[in-house]
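Data block below; observations after.
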There are 4 protein chains.
Amino acid sequence: MTTRKEQAEWRREQLLDAALAVFAAKGVDGASVKDIATAADVTPGLLYRYFDSKEALVETLLRERGFLPRLRELLTAGHTGRPARETLIDLLTAFDTLLADNADLVALFFGATRARPALAELTGEGQRLIGAFLDTQVDAGELRPHDTRTAARTLFATVAVNRAMRAPIDITALVGLLYPDER
Amino acid sequence: MTTRKEQAEWRREQLLDAALAVFAAKGVDGASVKDIATAADVTPGLLYRYFDSKEALVETLLRERGFLPRLRELLTAGHTGRPARETLIDLLTAFDTLLADNADLVALFFGATRARPALAELTGEGQRLIGAFLDTQVDAGELRPHDTRTAARTLFATVAVNRAMRAPIDITALVGLLYPDER
Amino acid sequence: MTTRKEQAEWRREQLLDAALAVFAAKGVDGASVKDIATAADVTPGLLYRYFDSKEALVETLLRERGFLPRLRELLTAGHTGRPARETLIDLLTAFDTLLADNADLVALFFGATRARPALAELTGEGQRLIGAFLDTQVDAGELRPHDTRTAARTLFATVAVNRAMRAPIDITALVGLLYPDER
Amino acid sequence: MTTRKEQAEWRREQLLDAALAVFAAKGVDGASVKDIATAADVTPGLLYRYFDSKEALVETLLRERGFLPRLRELLTAGHTGRPARETLIDLLTAFDTLLADNADLVALFFGATRARPALAELTGEGQRLIGAFLDTQVDAGELRPHDTRTAARTLFATVAVNRAMRAPIDITALVGLLYPDER
DNA sequence: CATGAATGAGAATTCATTCAT
DNA sequence: TATGAATGAATTCTCATTCAT
């Protein structure tokens, strides 16, 4: 037996799902509230019981569905014991996979960020996290001590842009470029 | 004394300027024809003497103002005599400057490319040109012979993304990352 | 207590009524959607909940309000027992009355038929039906055996044109012309 | 050597020709001033040197190109010596031909008469003229003395409507209907 | 005489949002 | 909770008309 609250929560998520799909497909401006309601199989009016406006839908998606938490979790997870080079490859692969799995969100982010600072925030955070990771490895003597901030930005940007362009890059080759296997 | 033809040409350019500025600021969907007309200090109706539709305005900007020709010119210019490493830095700097000088266009490209293949074309072309350049240098023994395609994509993506995010990168450091100064 | 469905149906009819009146008064091109909405005492936007476009409004009127079915019914109704001459008068009078009762529709037909084949269809059908009726009467020996097709076209055109011009004709005299009372 | 005045007159007629053709093809409302100017191979502005407005064009066409004068001339021409029945056939045939030769004008009349009383005037005049002719023939004992007014309206309406519907009628049969050849 | 740039008013249509049911 | 009728404001676009050149 589902309680009132559970049902409401379910409906809310369903509306967010529908909105995300429609926004990704048509862009925020190109998607009408009616489109979203139709996709969720409800009437436009109902949306307004759950969200104040179309804009509120976008903001909620950006806030609640943002993959920044998952990214942070990913990058700060302990990678003890394995060689830094392999860990870096795992890390970037996980990031790439995250982007691929959230293609709709990535599309929304790219389209919705003109007026909203969300993407800048995301990229900043991502670069910072990768940079921090690189620093620890350099300190541990596992990686060559060059400019880790530039390296972080390079790695992050390259993976992100090529995934966004739907032309994913070979991550092993990418890491090999910056941190050649010296053997 | 300006002839009718000159005056018409001037007006056309003015309208394109206004449209570009407004599109960059608000996005294509967010900008109304009235916005553009107001920015150009004319009546909306006048726009239709010069362009068939708002969409035609976008297409014209992408076609006539596209910086792809300038990019191509830049990348294929003869760089004889100087060390490859320095030429690469010059090249990427020029590319970065080009993007900076055309910030509005870059914004338009990013916003307008959902339905239009222009950006994909641009990135593809850019990466190809940089890759071709790297190949010649590797052949000449000036650069280390690693995966030039991946290197090209990395360089291009990094410069482009960081410029688009308005957080330009240190290009010397970037090149130093991929092609360390061995001395 | 009116249900939602009934209310919607009522609104739909009301909009068609308003549209017919406005179209008849100003012609299809001369009538704006705003005119129709004002006549129906609603907002222009509401029209689009019920009809896809102004053109759809015209088509719906021509289809749903067309008097062709009633005309057919009229002409094919059994007229047994009475003298053909009187029946013919009754018939044309009923036709004339039908046109008079649907003056707005007649006006719409005349104005809207430039691009639409509705009127041609109507006249063709009308002439055919009257012709068929005349044939049966001639076969029965009730009317003089002259060219019934020409007679039908003559009768139909005369009644229609004079009614359309709002100068109705004396139908008894008209019939008397073609089928003189021989007594 | 054409004088100024001749050239102006020529241009004026050219514009009227173009306007008539375009009005007939698209209807008065459907034709834009630009359409007419294009058809006349001039610019819209020039039209306003010759006519005050689009409406003035319509009125001028209706007034100057109206075939009422030619109709009157036709109907009042002396038809001495020939049998009334044949004269009537000649008359209606000429009328029918007149309509056929002026199909554009007929179309304009039908489309333009909603707000303008021109067509009513035309039909009234036409019927009166035919009626007057019939009267003289009845007085002369050439035709049977039935209701000449109804007969006139019948003949006129039948020819006009069937020509307007582009399904011209057999005029000899039509006259034979009203005034049977008694031999 | 002729052009065509420019305007202003208005056209059809869409859509986020509200609200009675 | 859910519906869907209704609104009002905005949007893209058209067009008769004017006027400087």
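Chain labels follow the order of the structure tokens: the first chain is A, the next B, and so on; residue numbering restarts at 1 in every chain, and ligands are counted from 1 in their shown order.
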List every residue of chain D that has an atom at most 8 Å from any atom of chain C, giving for each one its closest atom pair and the distance in Å to one decimal, counting only C-alpha atoms, sorted by chain and then by ascending residue number, as a tab-separated table.
residue	atom	partner	partner_atom	distance
D:Gly27	CA	C:Arg114	CA	7.8
D:Asp29	CA	C:Asp29	CA	6.2
D:Gly30	CA	C:Asp29	CA	7.6
D:Gly111	CA	C:Gly111	CA	6.4
D:Arg114	CA	C:Gly27	CA	7.4
D:Ala115	CA	C:Lys26	CA	7.9
D:Ala120	CA	C:Met165	CA	6.6
D:His146	CA	C:Leu177	CA	7.5
D:Asp147	CA	C:Ala173	CA	7.4
D:Thr150	CA	C:Leu174	CA	6.5
D:Ala151	CA	C:Leu177	CA	7.1
D:Arg153	CA	C:Thr158	CA	7.3
D:Thr154	CA	C:Thr158	CA	5.3
D:Leu155	CA	C:Thr154	CA	7.8
D:Ala157	CA	C:Thr158	CA	5.3
D:Thr158	CA	C:Ala157	CA	5.3
D:Val161	CA	C:Ala157	CA	6.1
D:Asn162	CA	C:Ala157	CA	7.5
D:Met165	CA	C:Ala120	CA	6.8
D:Ile169	CA	C:Thr150	CA	7.5
D:Asp170	CA	C:Thr150	CA	7.7
D:Ala173	CA	C:Thr150	CA	6.9
D:Leu174	CA	C:Thr150	CA	6.5
D:Leu177	CA	C:Leu178	CA	6.2
D:Leu178	CA	C:Leu178	CA	5.8
| Within 12 Å of chain E, which residues of chain A show up when using only C-alpha atoms (C1' of nucleotides), listed as an MDAnalysis selection string? | chainID A and resid 29:35 44:49 51:55
Using DSSP assignments from the backbone, pull out every residue in chain C that falls under alpha helix (DSSP H) and give it to me as a PyMOL selection string. chain C and resi 4-26+33-40+44-50+54-64+68-76+84-101+103-112+118-139+148-164+171-178
Within 9 Å of chain D, which residues of chain F show up when using only C-alpha atoms (C1' of nucleotides), listed as a PDB file with all heavy atoms, in the first residue's frame?
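As written to disk, selection-v5.pdb reads:
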ATOM      1  P    DC F  15       1.550  39.332 -47.437  1.00  0.00           P
ATOM      2  OP1  DC F  15       0.458  38.479 -47.917  1.00  0.00           O
ATOM      3  OP2  DC F  15       2.873  39.319 -48.094  1.00  0.00           O
ATOM      4  O5'  DC F  15       1.032  40.837 -47.377  1.00  0.00           O
ATOM      5  C5'  DC F  15       0.300  41.248 -46.232  1.00  0.00           C
ATOM      6  C4'  DC F  15       0.090  42.731 -46.278  1.00  0.00           C
ATOM      7  O4'  DC F  15       0.941  43.357 -45.296  1.00  0.00           O
ATOM      8  C3'  DC F  15       0.451  43.392 -47.616  1.00  0.00           C
ATOM      9  O3'  DC F  15      -0.492  44.392 -47.872  1.00  0.00           O
ATOM     10  C2'  DC F  15       1.823  43.974 -47.355  1.00  0.00           C
ATOM     11  C1'  DC F  15       1.673  44.398 -45.885  1.00  0.00           C
ATOM     12  N1   DC F  15       2.951  44.523 -45.160  1.00  0.00           N
ATOM     13  C2   DC F  15       3.049  45.408 -44.079  1.00  0.00           C
ATOM     14  O2   DC F  15       2.056  46.061 -43.760  1.00  0.00           O
ATOM     15  N3   DC F  15       4.227  45.518 -43.428  1.00  0.00           N
ATOM     16  C4   DC F  15       5.277  44.787 -43.813  1.00  0.00           C
ATOM     17  N4   DC F  15       6.412  44.928 -43.148  1.00  0.00           N
ATOM     18  C5   DC F  15       5.192  43.885 -44.917  1.00  0.00           C
ATOM     19  C6   DC F  15       4.020  43.774 -45.549  1.00  0.00           C
ATOM     20  P    DA F  16      -0.941  44.715 -49.349  1.00  0.00           P
ATOM     21  OP1  DA F  16      -2.077  43.844 -49.675  1.00  0.00           O
ATOM     22  OP2  DA F  16       0.240  44.738 -50.227  1.00  0.00           O
ATOM     23  O5'  DA F  16      -1.494  46.194 -49.151  1.00  0.00           O
ATOM     24  C5'  DA F  16      -2.518  46.409 -48.198  1.00  0.00           C
ATOM     25  C4'  DA F  16      -2.385  47.782 -47.580  1.00  0.00           C
ATOM     26  O4'  DA F  16      -1.145  47.866 -46.843  1.00  0.00           O
ATOM     27  C3'  DA F  16      -2.347  48.936 -48.572  1.00  0.00           C
ATOM     28  O3'  DA F  16      -3.066  50.017 -48.000  1.00  0.00           O
ATOM     29  C2'  DA F  16      -0.855  49.229 -48.718  1.00  0.00           C
ATOM     30  C1'  DA F  16      -0.335  48.918 -47.327  1.00  0.00           C
ATOM     31  N9   DA F  16       1.039  48.414 -47.283  1.00  0.00           N
ATOM     32  C8   DA F  16       1.591  47.446 -48.066  1.00  0.00           C
ATOM     33  N7   DA F  16       2.846  47.179 -47.800  1.00  0.00           N
ATOM     34  C5   DA F  16       3.146  48.031 -46.744  1.00  0.00           C
ATOM     35  C6   DA F  16       4.316  48.245 -46.002  1.00  0.00           C
ATOM     36  N6   DA F  16       5.455  47.578 -46.212  1.00  0.00           N
ATOM     37  N1   DA F  16       4.282  49.170 -45.023  1.00  0.00           N
ATOM     38  C2   DA F  16       3.140  49.834 -44.804  1.00  0.00           C
ATOM     39  N3   DA F  16       1.967  49.726 -45.443  1.00  0.00           N
ATOM     40  C4   DA F  16       2.043  48.797 -46.414  1.00  0.00           C
ATOM     41  P    DT F  17      -3.342  51.283 -48.886  1.00  0.00           P
ATOM     42  OP1  DT F  17      -4.577  51.896 -48.391  1.00  0.00           O
ATOM     43  OP2  DT F  17      -3.200  50.936 -50.309  1.00  0.00           O
ATOM     44  O5'  DT F  17      -2.130  52.215 -48.463  1.00  0.00           O
ATOM     45  C5'  DT F  17      -1.960  52.517 -47.074  1.00  0.00           C
ATOM     46  C4'  DT F  17      -0.638  53.213 -46.856  1.00  0.00           C
ATOM     47  O4'  DT F  17       0.459  52.287 -46.969  1.00  0.00           O
ATOM     48  C3'  DT F  17      -0.305  54.350 -47.833  1.00  0.00           C
ATOM     49  O3'  DT F  17      -0.250  55.546 -47.082  1.00  0.00           O
ATOM     50  C2'  DT F  17       1.046  53.985 -48.406  1.00  0.00           C
ATOM     51  C1'  DT F  17       1.589  53.032 -47.353  1.00  0.00           C
ATOM     52  N1   DT F  17       2.636  52.086 -47.814  1.00  0.00           N
ATOM     53  C2   DT F  17       3.846  52.106 -47.173  1.00  0.00           C
ATOM     54  O2   DT F  17       4.105  52.845 -46.248  1.00  0.00           O
ATOM     55  N3   DT F  17       4.767  51.202 -47.667  1.00  0.00           N
ATOM     56  C4   DT F  17       4.589  50.317 -48.709  1.00  0.00           C
ATOM     57  O4   DT F  17       5.484  49.551 -49.060  1.00  0.00           O
ATOM     58  C5   DT F  17       3.294  50.351 -49.343  1.00  0.00           C
ATOM     59  C7   DT F  17       2.987  49.431 -50.474  1.00  0.00           C
ATOM     60  C6   DT F  17       2.388  51.221 -48.867  1.00  0.00           C
ATOM     61  P    DT F  18      -0.025  56.939 -47.775  1.00  0.00           P
ATOM     62  OP1  DT F  18      -0.917  57.862 -47.085  1.00  0.00           O
ATOM     63  OP2  DT F  18      -0.053  56.787 -49.243  1.00  0.00           O
ATOM     64  O5'  DT F  18       1.478  57.302 -47.344  1.00  0.00           O
ATOM     65  C5'  DT F  18       1.817  57.236 -45.974  1.00  0.00           C
ATOM     66  C4'  DT F  18       3.291  57.535 -45.801  1.00  0.00           C
ATOM     67  O4'  DT F  18       4.079  56.452 -46.329  1.00  0.00           O
ATOM     68  C3'  DT F  18       3.768  58.797 -46.517  1.00  0.00           C
ATOM     69  O3'  DT F  18       4.591  59.501 -45.603  1.00  0.00           O
ATOM     70  C2'  DT F  18       4.544  58.260 -47.714  1.00  0.00           C
ATOM     71  C1'  DT F  18       5.104  56.974 -47.149  1.00  0.00           C
ATOM     72  N1   DT F  18       5.426  55.886 -48.114  1.00  0.00           N
ATOM     73  C2   DT F  18       6.639  55.256 -48.000  1.00  0.00           C
ATOM     74  O2   DT F  18       7.457  55.545 -47.161  1.00  0.00           O
ATOM     75  N3   DT F  18       6.841  54.249 -48.916  1.00  0.00           N
ATOM     76  C4   DT F  18       5.987  53.820 -49.902  1.00  0.00           C
ATOM     77  O4   DT F  18       6.283  52.905 -50.649  1.00  0.00           O
ATOM     78  C5   DT F  18       4.727  54.521 -49.962  1.00  0.00           C
ATOM     79  C7   DT F  18       3.719  54.137 -50.999  1.00  0.00           C
ATOM     80  C6   DT F  18       4.503  55.508 -49.079  1.00  0.00           C
TER      81       DT F  18
END
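For the atom pair formed by CA of Gly131 in chain A and CA of Leu88 in chain B, the distance is 24.8 Å, given to one decimal.
Taking CA of Ala100 in chain A as the reference point, CA of Phe67 in chain A is found at 11.6 Å.
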